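In what follows, a structure is listed as structure tokens, so that the remarks can point back to it.
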Amino acid sequence: MANTDSILKGKKGIIFGALNNKSIAWKVAEKAYEAGAEFTLSNAPVALRFGDIDKLAEKCNSLVIAADATILEDIEKVFKESMEFFGGKVDFVLHSIGMSLNVRKGNVYNDLNYNYFQKTLEVSALSFHKLLQTAFSMDAVNEWGSIVALSYVAAQRTLYGYNDMGDAKALLESISRSFGYIYGREKKVRVNTISQSPTPTTAGSGVKGFDSLLDFTERMSPLGNASAADCAGYCIALFSDLTRKVTMQNLFHDGGFSSMGMSLRAMTQYDKSFKDCD
Ligand SMILES: NC(=O)c1ccc[n+]([C@@H]2O[C@H](COP(=O)([O-])OP(=O)(O)OC[C@H]3O[C@@H](n4cnc5c(N)ncnc54)[C@H](O)[C@@H]3O)[C@@H](O)[C@H]2O)c1
């Protein structure tokens, strides 16, 4: 793994969504700390009760701020308290938030509960707009700062079992582009999404057939699946000054999966299933 020592020295940030040590946001926090950044951590009040975020905060000398990312006042509180903590604006923000009650309850896409569907969009996509609008109106991010949200290829391609989260990710990526234009134009702030490989986390493992999906994408990707730690490395690169002109992009971080149609390893496994039928 490349050495990221001091690449974020002097940078301040906010990391939303670290629940436990499997969370992508958790790995990002660890790597950002190693890279010399200071940051606050935020998660929903219920996640603070059941998760391990205090351990992470202790390790990284961070402040934890409870916030339901669907509530504007909560997001305002996160930016306000973070700026008080640092005595100034921040340089990077990670939105690592997603949840679908339809996925959790096993409702299939052609039999959705619409209250849950709205909740999926609120939590997994509109929360990003709220975060961006709040940061923008409070002028909370320094020029050349970087805001990143995590997405998934189900925004472009249909993947069995991903359900209404595919719609949420499509909206998330669109919000990133639309706001990225305004934020870049007005305040020179970058806004991007990273489209990450399936990753065994609490949210990821909730998707129906997740183990098979993980195996399939591993076989299909020439470089194999990207892990949460790999994703953290990419986030650090995007927070750093080395990517100052990257904005309004959806950046695939998936070992090559999104450009593949069929691979030798997947074909070999597929052929085996016919042999079993003989
Ligand atoms: N795991 C995967 O396979 C995968 C792949 C691509 C993208 N992603 C995305 O990565 C992000 C992080 O997920 P993860 O895989 O690390 O799982 P995770 O379960 O560790 O993280 C999801 C986080 O969302 C938080 N959250 C849910 N509702 C919230 C609310 N109302 N307010 C504030 N926070 C709330 C949870 O508390 C949790 O910390 C999500 O956007 C997810 O869709 C995950």
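Naming scheme: A, B, ... for chains in displayed order of the structure tokens; residues 1 onward per chain; ligands 1 onward as shown.
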Could you give me the residues within 8 Å of ligand 1, counting only C-alpha atoms and all ligand atoms, as a VMD selection string?
chain A and resid 16 to 26 42 to 48 51 67 to 70 95 to 99 123 to 124 127 149 to 153 165 169 194 to 205 228
Could you write out, as a ChimeraX atom specification, all the residues of stretch 1-207 of chain A that DSSP marks as strand (DSSP E or B)?
/A:12-16,38-43,64-66,90-95,141-151,190-196
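Nearest to A:Glu76 of all the residues A:Met138, A:Leu41, A:Cys235, A:Val148 is A:Met138, based on only C-alpha atoms.
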I want to know what sits within 12 Å of stretch 119-121 of chain A, based on only C-alpha atoms, with residues of the same chain fewer than 5 positions away left out; could you give that as a list in words?
Ala69, Thr70, Ile97, Gly98, Met99, Ser100, Leu101, Asn102, Val103, Arg104, Leu112, Asn113, Tyr114, Leu126, Ser127, Phe128, His129, Tyr162, Asn163, Asp164, Met165, Gly166, Asp167, Ala168, Lys169, Ala170, Leu171, Leu172 and Ile175 of chain A
Give me the residues within 10 Å of A:Val64 as an MDAnalysis selection string, counting only C-alpha atoms and dropping any in the same chain fewer than 2 places off.
chainID A and resid 14:16 39:43 48 53:54 56:58 61:62 66:67 78 81:82
Could those residues be written to a file, using C-alpha atoms, as a short mmCIF file (atom, residue, chain, number, x, y, z; two decimals), in the first residue's frame?
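part.cif, written as the output of this step:
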```
data_model
loop_
_atom_site.label_atom_id
_atom_site.label_comp_id
_atom_site.auth_asym_id
_atom_site.auth_seq_id
_atom_site.Cartn_x
_atom_site.Cartn_y
_atom_site.Cartn_z
CA ILE A 14 -15.64 15.98 8.67
CA ILE A 15 -16.29 12.25 8.24
CA PHE A 16 -19.91 11.10 8.25
CA PHE A 39 -11.34 15.73 11.60
CA THR A 40 -14.63 15.44 13.43
CA LEU A 41 -16.81 12.34 13.18
CA SER A 42 -20.58 12.27 12.80
CA ASN A 43 -23.22 9.59 12.78
CA LEU A 48 -23.62 6.27 18.28
CA ILE A 53 -17.34 5.38 17.11
CA ASP A 54 -15.98 6.53 20.48
CA LEU A 56 -12.25 5.61 16.73
CA ALA A 57 -12.56 9.16 18.07
CA GLU A 58 -10.17 8.38 20.90
CA ASN A 61 -8.26 12.67 18.70
CA SER A 62 -11.60 13.51 17.10
CA ALA A 66 -24.47 13.21 16.71
CA ALA A 67 -26.60 14.03 13.67
CA VAL A 78 -22.17 19.36 12.61
CA GLU A 81 -19.43 22.57 15.96
CA SER A 82 -16.71 21.37 13.59
#
```
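Distances here use only C-alpha atoms; by that measure, the residue among A:Tyr234, A:Gly224, A:Ser259, A:Arg177 closest to A:Arg157 is A:Ser259.
Distances from A:Ala125, A:Ala232, A:Ala140, A:Ala226 to A:Phe86 were compared using only C-alpha atoms, and the smallest one belongs to A:Ala140.
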If we count only C-alpha atoms and set the cut-off at 12 Å, which residues sit around A:Tyr181, ignoring sequence neighbours fewer than 6 positions away in its own chain? Please answer as a VMD selection string.
chain A and resid 132 174 to 175 187 to 192 246 to 249
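Here the question is which of A:Trp144, A:Tyr160, A:Phe210, A:Phe79 gets nearest to A:Thr243 using only C-alpha atoms, and that residue is A:Trp144.
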Got a sec: who's within 10 Å of A:Lys59, counting only C-alpha atoms, leaving out chain neighbours fewer than 6 positions off, as a list of chain:residue names?
A:Ala29, A:Glu30, A:Tyr33, A:Ile53
Could you turn the residues from that selection into a file that holds C-alpha atoms, as a JSON list (two decimals), in the first residue's frame?
```json
[["chain", "number", "residue", "atom", "x", "y", "z"],
["A", 29, "ALA", "CA", -10.73, 8.09, 9.25],
["A", 30, "GLU", "CA", -7.79, 5.84, 10.13],
["A", 33, "TYR", "CA", -5.30, 10.40, 10.63],
["A", 53, "ILE", "CA", -17.34, 5.38, 17.11]]
```
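When only C-alpha atoms are used to compute distances to A:Leu251, the closest of the residues A:Ser178, A:Thr193, A:Ser146, A:Ser6 turns out to be A:Thr193.
If you look at atom CA of A:Ser273 and atom CA of A:Lys208, they are 20.8 Å away from each other.
Distance-wise, atom CA of A:Phe274 and atom CA of A:Phe216 end up 16.6 Å apart.
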In stretch 7-163 of chain A, DSSP helix (DSSP H, G or I) residues written as number ranges by chain:
A: 24-34, 45-50, 53-60, 72-86, 101-105, 109-111, 114-137, 153-155
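In this comparison, which uses only C-alpha atoms, the residue of A:Ala35, A:Met83, A:Met220, A:Leu213 approaching A:Arg265 most closely is A:Met220.
Here atom CA of A:Phe239 stands at a distance of 19.5 Å from atom CA of A:Phe85.
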